[in-house]
$ cat input.cif   # mmCIF, C-alpha atoms, pLDDT in the B column; chains and numbers go by the auth columns
data_query
loop_
_atom_site.group_PDB
_atom_site.id
_atom_site.type_symbol
_atom_site.label_atom_id
_atom_site.label_comp_id
_atom_site.label_asym_id
_atom_site.label_seq_id
_atom_site.Cartn_x
_atom_site.Cartn_y
_atom_site.Cartn_z
_atom_site.B_iso_or_equiv
_atom_site.auth_seq_id
_atom_site.auth_asym_id
ATOM 1 C CA MET A 1 0.764 -11.899 -12.711 50.00 1 G
ATOM 2 C CA ARG A 2 -2.033 -9.759 -14.180 53.00 2 G
ATOM 3 C CA ARG A 3 -0.793 -6.393 -15.479 50.00 3 G
ATOM 4 C CA PRO A 4 -3.630 -4.238 -16.914 50.00 4 G
ATOM 5 C CA LEU A 5 -2.139 -0.740 -17.253 48.00 5 G
ATOM 6 C CA PRO A 6 -4.460 2.191 -17.901 51.00 6 G
ATOM 7 C CA LEU A 7 -4.251 3.257 -21.550 47.00 7 G
ATOM 8 C CA VAL A 8 -3.132 6.809 -20.780 49.00 8 G
ATOM 9 C CA ALA A 9 -0.292 5.629 -18.538 49.00 9 G
ATOM 10 C CA PHE A 10 0.805 3.159 -21.204 48.00 10 G
ATOM 11 C CA ALA A 11 0.801 5.828 -23.901 48.00 11 G
ATOM 12 C CA LEU A 12 2.835 8.222 -21.767 49.00 12 G
ATOM 13 C CA ALA A 13 5.362 5.514 -20.926 51.00 13 G
ATOM 14 C CA ALA A 14 5.704 4.623 -24.594 51.00 14 G
ATOM 15 C CA ALA A 15 6.273 8.262 -25.545 50.00 15 G
ATOM 16 C CA VAL A 16 9.107 8.553 -23.029 52.00 16 G
ATOM 17 C CA VAL A 17 10.750 5.185 -23.662 51.00 17 G
ATOM 18 C CA THR A 18 10.647 5.106 -27.471 51.00 18 G
ATOM 19 C CA PRO A 19 13.397 7.725 -28.074 54.00 19 G
ATOM 20 C CA ILE A 20 15.679 5.935 -25.613 50.00 20 G
ATOM 21 C CA VAL A 21 15.133 2.559 -27.263 49.00 21 G
ATOM 22 C CA VAL A 22 15.811 4.007 -30.702 45.00 22 G
ATOM 23 C CA ALA A 23 18.976 5.750 -29.479 51.00 23 G
ATOM 24 C CA GLN A 24 20.294 2.562 -27.918 52.00 24 G
ATOM 25 C CA GLY A 25 19.523 0.314 -30.861 59.00 25 G
ATOM 26 C CA GLY A 26 16.559 -1.430 -29.229 71.00 26 G
ATOM 27 C CA SER A 27 18.009 -2.064 -25.774 85.00 27 G
ATOM 28 C CA ALA A 28 16.259 -0.532 -22.749 95.00 28 G
ATOM 29 C CA PRO A 29 18.393 0.935 -19.940 96.00 29 G
ATOM 30 C CA GLY A 30 16.887 -1.441 -17.393 97.00 30 G
ATOM 31 C CA ALA A 31 16.875 -5.229 -17.421 96.00 31 G
ATOM 32 C CA PRO A 32 15.660 -8.015 -15.088 95.00 32 G
ATOM 33 C CA ASP A 33 19.191 -8.705 -13.893 95.00 33 G
ATOM 34 C CA LYS A 34 19.602 -8.823 -10.103 94.00 34 G
ATOM 35 C CA SER A 35 23.381 -8.388 -10.414 95.00 35 G
ATOM 36 C CA ARG A 36 22.735 -4.773 -11.431 97.00 36 G
ATOM 37 C CA VAL A 37 21.272 -3.909 -8.021 97.00 37 G
ATOM 38 C CA THR A 38 23.722 -2.302 -5.595 98.00 38 G
ATOM 39 C CA ALA A 39 23.296 -1.770 -1.870 98.00 39 G
ATOM 40 C CA GLY A 40 22.021 1.527 -0.578 98.00 40 G
ATOM 41 C CA THR A 41 19.043 3.776 -0.006 98.00 41 G
ATOM 42 C CA TYR A 42 16.754 4.458 -2.947 98.00 42 G
ATOM 43 C CA ALA A 43 14.024 7.105 -3.210 98.00 43 G
ATOM 44 C CA ALA A 44 10.729 6.518 -4.997 98.00 44 G
ATOM 45 C CA ASP A 45 10.567 8.165 -8.415 98.00 45 G
ATOM 46 C CA PRO A 46 7.204 9.966 -8.091 97.00 46 G
ATOM 47 C CA GLY A 47 6.787 10.402 -11.826 96.00 47 G
ATOM 48 C CA HIS A 48 7.078 6.668 -12.515 97.00 48 G
ATOM 49 C CA THR A 49 5.501 5.087 -9.446 98.00 49 G
ATOM 50 C CA MET A 50 1.767 4.472 -9.228 98.00 50 G
ATOM 51 C CA VAL A 51 -0.787 2.517 -7.265 98.00 51 G
ATOM 52 C CA VAL A 52 -3.609 1.325 -9.512 98.00 52 G
ATOM 53 C CA TRP A 53 -6.780 0.317 -7.663 98.00 53 G
ATOM 54 C CA GLU A 54 -9.660 -1.652 -9.124 98.00 54 G
ATOM 55 C CA VAL A 55 -13.162 -2.411 -7.888 98.00 55 G
ATOM 56 C CA ASP A 56 -16.113 -4.291 -9.328 98.00 56 G
ATOM 57 C CA HIS A 57 -18.910 -1.885 -10.282 97.00 57 G
ATOM 58 C CA PHE A 58 -22.423 -3.333 -9.919 97.00 58 G
ATOM 59 C CA GLY A 59 -21.232 -6.675 -11.282 98.00 59 G
ATOM 60 C CA PHE A 60 -21.191 -5.115 -14.758 98.00 60 G
ATOM 61 C CA SER A 61 -17.580 -4.036 -15.127 97.00 61 G
ATOM 62 C CA LYS A 62 -14.282 -3.352 -13.426 98.00 62 G
ATOM 63 C CA TYR A 63 -13.320 0.247 -12.665 97.00 63 G
ATOM 64 C CA SER A 64 -9.822 1.551 -12.014 98.00 64 G
ATOM 65 C CA GLY A 65 -8.212 4.664 -10.585 98.00 65 G
ATOM 66 C CA ILE A 66 -4.680 5.756 -9.782 98.00 66 G
ATOM 67 C CA PHE A 67 -2.723 7.172 -6.884 98.00 67 G
ATOM 68 C CA GLY A 68 0.470 8.842 -8.094 97.00 68 G
ATOM 69 C CA ASP A 69 3.208 11.129 -6.768 98.00 69 G
ATOM 70 C CA VAL A 70 4.307 8.403 -4.358 98.00 70 G
ATOM 71 C CA ALA A 71 7.201 9.356 -2.068 98.00 71 G
ATOM 72 C CA GLY A 72 9.402 7.275 0.205 98.00 72 G
ATOM 73 C CA THR A 73 12.426 5.037 0.412 98.00 73 G
ATOM 74 C CA LEU A 74 13.683 1.546 -0.234 98.00 74 G
ATOM 75 C CA VAL A 75 16.744 0.333 1.651 98.00 75 G
ATOM 76 C CA ILE A 76 18.221 -2.784 0.084 98.00 76 G
ATOM 77 C CA ASP A 77 21.375 -4.884 0.139 97.00 77 G
ATOM 78 C CA PRO A 78 21.682 -7.619 -2.512 95.00 78 G
ATOM 79 C CA ALA A 79 23.756 -9.625 -0.019 95.00 79 G
ATOM 80 C CA ASN A 80 20.758 -9.723 2.334 96.00 80 G
ATOM 81 C CA PRO A 81 17.602 -8.914 0.356 94.00 81 G
ATOM 82 C CA ALA A 82 15.320 -10.298 3.079 95.00 82 G
ATOM 83 C CA ALA A 83 16.398 -7.356 5.248 97.00 83 G
ATOM 84 C CA ALA A 84 15.067 -4.799 2.742 97.00 84 G
ATOM 85 C CA LYS A 85 12.894 -2.008 4.120 98.00 85 G
ATOM 86 C CA VAL A 86 10.209 -0.044 2.317 98.00 86 G
ATOM 87 C CA ASP A 87 8.545 3.108 3.640 98.00 87 G
ATOM 88 C CA VAL A 88 6.289 4.954 1.203 98.00 88 G
ATOM 89 C CA THR A 89 3.632 7.645 1.381 98.00 89 G
ATOM 90 C CA ILE A 90 0.712 7.875 -1.044 98.00 90 G
ATOM 91 C CA PRO A 91 -1.133 11.225 -1.397 98.00 91 G
ATOM 92 C CA VAL A 92 -4.790 10.175 -1.342 98.00 92 G
ATOM 93 C CA ALA A 93 -5.863 13.756 -2.133 98.00 93 G
ATOM 94 C CA LYS A 94 -4.317 13.352 -5.606 97.00 94 G
ATOM 95 C CA VAL A 95 -6.457 10.335 -6.576 98.00 95 G
ATOM 96 C CA THR A 96 -7.202 10.266 -10.306 97.00 96 G
ATOM 97 C CA THR A 97 -10.016 8.559 -12.210 98.00 97 G
ATOM 98 C CA ALA A 98 -11.418 8.749 -15.734 97.00 98 G
ATOM 99 C CA SER A 99 -14.506 10.554 -14.416 97.00 99 G
ATOM 100 C CA ALA A 100 -14.368 14.064 -12.933 97.00 100 G
ATOM 101 C CA GLY A 101 -17.653 13.333 -11.203 97.00 101 G
ATOM 102 C CA LEU A 102 -16.314 10.213 -9.514 97.00 102 G
ATOM 103 C CA THR A 103 -13.062 11.907 -8.510 98.00 103 G
ATOM 104 C CA GLY A 104 -15.124 14.691 -6.960 98.00 104 G
ATOM 105 C CA HIS A 105 -17.256 12.169 -5.080 97.00 105 G
ATOM 106 C CA LEU A 106 -14.198 10.386 -3.715 98.00 106 G
ATOM 107 C CA LEU A 107 -12.975 13.706 -2.289 98.00 107 G
ATOM 108 C CA ARG A 108 -16.340 15.158 -1.267 97.00 108 G
ATOM 109 C CA ALA A 109 -16.937 16.195 2.311 97.00 109 G
ATOM 110 C CA GLY A 110 -19.652 14.452 4.293 96.00 110 G
ATOM 111 C CA LYS A 111 -23.132 15.940 4.140 93.00 111 G
ATOM 112 C CA ASP A 112 -23.921 18.386 6.965 92.00 112 G
ATOM 113 C CA GLY A 113 -20.593 17.657 8.598 89.00 113 G
ATOM 114 C CA GLY A 114 -21.175 13.912 8.628 93.00 114 G
ATOM 115 C CA LYS A 115 -18.878 11.093 7.545 94.00 115 G
ATOM 116 C CA PRO A 116 -17.832 11.303 3.882 97.00 116 G
ATOM 117 C CA ASP A 117 -18.771 8.490 1.517 97.00 117 G
ATOM 118 C CA PHE A 118 -15.130 7.855 0.647 97.00 118 G
ATOM 119 C CA PHE A 119 -11.988 9.864 1.508 97.00 119 G
ATOM 120 C CA GLY A 120 -13.421 13.302 2.214 97.00 120 G
ATOM 121 C CA ALA A 121 -12.238 16.772 1.265 96.00 121 G
ATOM 122 C CA ALA A 122 -8.851 16.752 2.999 94.00 122 G
ATOM 123 C CA PRO A 123 -7.765 13.125 3.318 97.00 123 G
ATOM 124 C CA ALA A 124 -4.576 12.192 5.115 97.00 124 G
ATOM 125 C CA ASP A 125 -1.857 10.530 3.077 98.00 125 G
ATOM 126 C CA ALA A 126 -1.815 6.738 3.030 98.00 126 G
ATOM 127 C CA LYS A 127 1.379 5.040 4.194 98.00 127 G
ATOM 128 C CA PHE A 128 2.927 1.586 3.826 98.00 128 G
ATOM 129 C CA VAL A 129 5.814 0.486 6.037 98.00 129 G
ATOM 130 C CA SER A 130 7.247 -2.996 5.540 98.00 130 G
ATOM 131 C CA THR A 131 7.778 -5.369 8.443 98.00 131 G
ATOM 132 C CA ALA A 132 9.012 -8.550 6.711 98.00 132 G
ATOM 133 C CA VAL A 133 10.324 -9.728 3.348 98.00 133 G
ATOM 134 C CA VAL A 134 10.229 -13.398 2.289 97.00 134 G
ATOM 135 C CA LEU A 135 11.874 -14.245 -1.042 95.00 135 G
ATOM 136 C CA ASP A 136 11.274 -17.195 -3.324 93.00 136 G
ATOM 137 C CA ASP A 137 14.070 -19.590 -4.253 89.00 137 G
ATOM 138 C CA ASP A 138 15.071 -17.573 -7.322 86.00 138 G
ATOM 139 C CA GLY A 139 15.175 -14.297 -5.421 83.00 139 G
ATOM 140 C CA ASP A 140 13.155 -12.374 -8.010 87.00 140 G
ATOM 141 C CA GLU A 141 9.766 -12.652 -6.287 95.00 141 G
ATOM 142 C CA ALA A 142 8.887 -11.865 -2.695 97.00 142 G
ATOM 143 C CA LYS A 143 6.057 -11.519 -0.240 98.00 143 G
ATOM 144 C CA VAL A 144 6.435 -8.172 1.483 98.00 144 G
ATOM 145 C CA THR A 145 4.329 -7.790 4.608 98.00 145 G
ATOM 146 C CA GLY A 146 3.781 -4.412 6.178 98.00 146 G
ATOM 147 C CA ASN A 147 1.374 -2.011 7.804 98.00 147 G
ATOM 148 C CA LEU A 148 -0.908 0.007 5.529 98.00 148 G
ATOM 149 C CA THR A 149 -2.424 3.140 7.025 98.00 149 G
ATOM 150 C CA LEU A 150 -5.412 4.430 5.052 98.00 150 G
ATOM 151 C CA ASN A 151 -8.256 6.692 6.135 97.00 151 G
ATOM 152 C CA GLY A 152 -6.806 6.809 9.652 96.00 152 G
ATOM 153 C CA VAL A 153 -6.822 3.009 10.046 98.00 153 G
ATOM 154 C CA THR A 154 -3.742 0.754 10.094 98.00 154 G
ATOM 155 C CA ARG A 155 -3.959 -2.877 8.963 98.00 155 G
ATOM 156 C CA PRO A 156 -1.400 -5.515 7.956 98.00 156 G
ATOM 157 C CA VAL A 157 -1.170 -6.114 4.205 98.00 157 G
ATOM 158 C CA THR A 158 0.965 -8.531 2.188 98.00 158 G
ATOM 159 C CA LEU A 159 2.215 -7.574 -1.263 98.00 159 G
ATOM 160 C CA ASP A 160 3.174 -10.127 -3.909 98.00 160 G
ATOM 161 C CA VAL A 161 6.210 -8.446 -5.448 98.00 161 G
ATOM 162 C CA ASP A 162 8.085 -9.163 -8.697 97.00 162 G
ATOM 163 C CA PHE A 163 11.484 -7.688 -9.496 97.00 163 G
ATOM 164 C CA HIS A 164 11.056 -5.867 -12.832 97.00 164 G
ATOM 165 C CA GLY A 165 14.467 -4.487 -13.662 97.00 165 G
ATOM 166 C CA ALA A 166 17.536 -2.461 -12.753 98.00 166 G
ATOM 167 C CA GLY A 167 20.029 -0.222 -14.498 98.00 167 G
ATOM 168 C CA THR A 168 21.093 3.393 -14.869 97.00 168 G
ATOM 169 C CA ASN A 169 18.618 6.044 -15.962 97.00 169 G
ATOM 170 C CA PRO A 170 20.236 7.726 -19.005 96.00 170 G
ATOM 171 C CA PHE A 171 18.630 11.093 -18.224 95.00 171 G
ATOM 172 C CA ASN A 172 19.773 11.653 -14.640 96.00 172 G
ATOM 173 C CA LYS A 173 22.493 8.941 -14.446 97.00 173 G
ATOM 174 C CA LYS A 174 20.949 7.491 -11.285 98.00 174 G
ATOM 175 C CA GLU A 175 20.935 3.773 -10.530 98.00 175 G
ATOM 176 C CA THR A 176 17.303 2.684 -10.653 98.00 176 G
ATOM 177 C CA VAL A 177 15.428 -0.446 -9.590 98.00 177 G
ATOM 178 C CA GLY A 178 11.841 -1.302 -10.415 98.00 178 G
ATOM 179 C CA PHE A 179 9.196 -3.642 -9.076 98.00 179 G
ATOM 180 C CA GLN A 180 5.608 -4.702 -9.678 98.00 180 G
ATOM 181 C CA ALA A 181 3.325 -5.793 -6.868 98.00 181 G
ATOM 182 C CA GLU A 182 -0.229 -6.915 -6.247 98.00 182 G
ATOM 183 C CA ALA A 183 -2.451 -7.123 -3.195 98.00 183 G
ATOM 184 C CA THR A 184 -6.137 -7.272 -2.329 98.00 184 G
ATOM 185 C CA ILE A 185 -7.649 -5.320 0.555 98.00 185 G
ATOM 186 C CA LYS A 186 -11.158 -4.784 1.878 98.00 186 G
ATOM 187 C CA ARG A 187 -12.035 -1.117 1.970 98.00 187 G
ATOM 188 C CA SER A 188 -14.469 -1.735 4.831 98.00 188 G
ATOM 189 C CA ASP A 189 -11.427 -2.657 6.953 98.00 189 G
ATOM 190 C CA PHE A 190 -10.384 0.970 6.524 98.00 190 G
ATOM 191 C CA GLY A 191 -13.787 2.461 7.320 97.00 191 G
ATOM 192 C CA ILE A 192 -14.914 2.986 3.696 98.00 192 G
ATOM 193 C CA SER A 193 -18.159 1.063 3.274 97.00 193 G
ATOM 194 C CA TYR A 194 -20.198 3.271 0.935 97.00 194 G
ATOM 195 C CA GLY A 195 -21.958 1.347 -1.859 97.00 195 G
ATOM 196 C CA ILE A 196 -21.128 -2.183 -0.668 98.00 196 G
ATOM 197 C CA PRO A 197 -22.018 -4.681 -2.152 98.00 197 G
ATOM 198 C CA ALA A 198 -23.016 -2.926 -5.407 98.00 198 G
ATOM 199 C CA VAL A 199 -19.458 -1.625 -5.534 98.00 199 G
ATOM 200 C CA SER A 200 -17.160 -4.357 -4.283 98.00 200 G
ATOM 201 C CA ASP A 201 -15.676 -4.330 -0.811 98.00 201 G
ATOM 202 C CA GLU A 202 -12.563 -5.975 -2.219 98.00 202 G
ATOM 203 C CA VAL A 203 -10.124 -3.602 -3.881 98.00 203 G
ATOM 204 C CA GLU A 204 -7.386 -5.036 -6.062 98.00 204 G
ATOM 205 C CA LEU A 205 -4.145 -3.078 -5.917 98.00 205 G
ATOM 206 C CA GLU A 206 -1.491 -3.136 -8.611 98.00 206 G
ATOM 207 C CA ILE A 207 1.702 -1.238 -7.890 98.00 207 G
ATOM 208 C CA HIS A 208 4.368 -0.174 -10.362 98.00 208 G
ATOM 209 C CA ALA A 209 7.342 1.304 -8.539 98.00 209 G
ATOM 210 C CA ALA A 210 10.689 2.760 -9.552 98.00 210 G
ATOM 211 C CA PHE A 211 13.329 3.733 -6.979 98.00 211 G
ATOM 212 C CA GLU A 212 16.446 5.841 -7.640 98.00 212 G
ATOM 213 C CA LYS A 213 19.649 5.466 -5.642 98.00 213 G
ATOM 214 C CA GLN A 214 20.519 8.417 -3.413 97.00 214 G
#

$ encode --input "input.cif" --output "structure tokens"
Amino acid sequence: MRRPLPLVAFALAAAVVTPIVVAQGGSAPGAPDKSRVTAGTYAADPGHTMVVWEVDHFGFSKYSGIFGDVAGTLVIDPANPAAAKVDVTIPVAKVTTASAGLTGHLLRAGKDGGKPDFFGAAPADAKFVSTAVVLDDDGDEAKVTGNLTLNGVTRPVTLDVDFHGAGTNPFNKKETVGFQAEATIKRSDFGISYGIPAVSDEVELEIHAAFEKQ
């Protein structure tokens, strides 16, 4: 699975994790061990959950941005992982890019009261609610199908999800589980067609999610 993390996010993660690794003699609190996952309701950790989106710009390069501050829940039971439920909300208004000009364009109102090029000045939150979970034979990968609501439009989307790790966060003592996921959507399906085909219709999504037990 392709995992290109933005440099800033990587640097921040390294700054946080390094003291923990040193204190524990090189062992991270989380590990890819499914036996560590316990049944219950988990809440998204907004500081460590992000949706990275990527488009092709003019056929010259890829360009990425981030949605952060994700909120929501994961309900899971290791005895029946296929019954897991995910319900998350993504604040589109907090979209971040490396360019202030581009971020401003994404959130710019339409000219003379018309339709905005992208999300507009006061975009509604995006939302993903799962409807089905199908695991592979090993139980550490899954296809999670659900309804994605973006820009006022709801479409079915399937995420390819990998279990990343589980354990106890040493700072707040909460049981935590983490996942990585990928999906590809067409932004035109959600009413965002500005710049196609110079800027690709297809948007690649890469999700890094941590959930803390409540």

$ residues_around --input "input.cif" --residues "range 23-37 of chain G" --least-positions-apart "6" --cutoff "6 Å" --atoms "only C-alpha atoms" --output "PyMOL selection string"
chain G and resi 164-167

$ atom_distance --input "input.cif" --atom1 "CA of Glu54 in chain G" --atom2 "CA of Phe211 in chain G"
23.7 Å

$ resolve_selection --input "input.cif" --expression "the PyMOL selection byres ((chain G and resi 57) around 12)" --output "number ranges by chain"
G: 54-56, 58-64, 195-203

$ atom_distance --input "input.cif" --atom1 "CA of Val144 in chain G" --atom2 "CA of Thr158 in chain G"
5.5 Å

$ axis_aligned_box --input "input.cif" --around "range 180-183 of chain G" --padding-each-side "6 Å" --output "lines of an AutoDock Vina configuration file"
center_x = 1.6
center_y = -5.9
center_z = -6.4
size_x = 20.1
size_y = 14.4
size_z = 18.5

$ closest_residue --input "input.cif" --among "G:Ile192, G:Ala183, G:Gly113, G:Thr131" --to "Asn151 in chain G" --atoms "all atoms listed in the file"
G:Ile192

$ atom_distance --input "input.cif" --atom1 "CA of Ala71 in chain G" --atom2 "CA of Lys186 in chain G"
23.5 Å

$ residues_around --input "input.cif" --residues "Ala93 in chain G" --least-positions-apart "2" --cutoff "6 Å" --atoms "only C-alpha atoms" --output "PDB file with C-alpha atoms, in the coordinates of the input"
ATOM      1  CA  PRO G  91      -1.133  11.225  -1.397  1.00 98.00           C
ATOM      2  CA  VAL G  95      -6.457  10.335  -6.576  1.00 98.00           C
ATOM      3  CA  PRO G 123      -7.765  13.125   3.318  1.00 97.00           C
TER       4      PRO G 123
END

$ residues_around --input "input.cif" --residues "Ala124 in chain G" --least-positions-apart "2" --cutoff "10 Å" --atoms "only C-alpha atoms" --output "ChimeraX atom specification"
/G:90-93,119-122,126-127,149-152

$ resolve_selection --input "input.cif" --expression "the PyMOL selection byres ((chain G and resi 135) around 10)" --output "compact mmCIF listing (two decimals) with C-alpha atoms, in the frame of the given file"
# COMPACT_ATOMS: atom_id res chain seq x y z
CA PRO G 81 17.60 -8.91 0.36
CA ALA G 82 15.32 -10.30 3.08
CA VAL G 133 10.32 -9.73 3.35
CA VAL G 134 10.23 -13.40 2.29
CA ASP G 136 11.27 -17.20 -3.32
CA ASP G 137 14.07 -19.59 -4.25
CA ASP G 138 15.07 -17.57 -7.32
CA GLY G 139 15.18 -14.30 -5.42
CA ASP G 140 13.16 -12.37 -8.01
CA GLU G 141 9.77 -12.65 -6.29
CA ALA G 142 8.89 -11.86 -2.70
CA LYS G 143 6.06 -11.52 -0.24
CA VAL G 144 6.44 -8.17 1.48
CA VAL G 161 6.21 -8.45 -5.45
CA ASP G 162 8.09 -9.16 -8.70

$ closest_residue --input "input.cif" --among "G:Glu175, G:Asp189, G:Asp112, G:Asp125" --to "Gln214 in chain G" --atoms "all atoms listed in the file"
G:Glu175

$ residues_around --input "input.cif" --residues "Ala39 in chain G" --least-positions-apart "2" --cutoff "9 Å" --atoms "all atoms listed in the file" --output "short mmCIF file (atom, residue, chain, number, x, y, z; two decimals) with C-alpha atoms, in the coordinates of the input"
data_model
loop_
_atom_site.label_atom_id
_atom_site.label_comp_id
_atom_site.auth_asym_id
_atom_site.auth_seq_id
_atom_site.Cartn_x
_atom_site.Cartn_y
_atom_site.Cartn_z
CA VAL G 37 21.27 -3.91 -8.02
CA THR G 41 19.04 3.78 -0.01
CA VAL G 75 16.74 0.33 1.65
CA ILE G 76 18.22 -2.78 0.08
CA ASP G 77 21.38 -4.88 0.14
CA PRO G 78 21.68 -7.62 -2.51
CA ALA G 79 23.76 -9.62 -0.02
CA LYS G 213 19.65 5.47 -5.64
#

$ resolve_selection --input "input.cif" --expression "the PyMOL selection byres ((chain G and resi 85) around 6)" --output "ChimeraX atom specification"
/G:74-75,84,86,130

$ closest_residue --input "input.cif" --among "G:Leu205, G:Ala210, G:Leu102, G:Arg187" --to "Val153 in chain G" --atoms "only C-alpha atoms"
G:Arg187

$ residues_near_point --input "input.cif" --point "(-3.7, -2.1, -6.1)" --cutoff "6 Å" --atoms "all atoms listed in the file" --output "PyMOL selection string"
chain G and resi 51-53+182-183+204-207

$ write_last_selection --input "input.cif" --atoms "C-alpha atoms" --output "JSON list (two decimals), keeping the file's coordinate frame"
[["chain", "number", "residue", "atom", "x", "y", "z"],
["G", 51, "VAL", "CA", -0.79, 2.52, -7.26],
["G", 52, "VAL", "CA", -3.61, 1.32, -9.51],
["G", 53, "TRP", "CA", -6.78, 0.32, -7.66],
["G", 182, "GLU", "CA", -0.23, -6.92, -6.25],
["G", 183, "ALA", "CA", -2.45, -7.12, -3.20],
["G", 204, "GLU", "CA", -7.39, -5.04, -6.06],
["G", 205, "LEU", "CA", -4.14, -3.08, -5.92],
["G", 206, "GLU", "CA", -1.49, -3.14, -8.61],
["G", 207, "ILE", "CA", 1.70, -1.24, -7.89]]

$ closest_residue --input "input.cif" --among "G:Ala43, G:His208, G:Ala98, G:Asp69" --to "Gln180 in chain G" --atoms "only C-alpha atoms"
G:His208
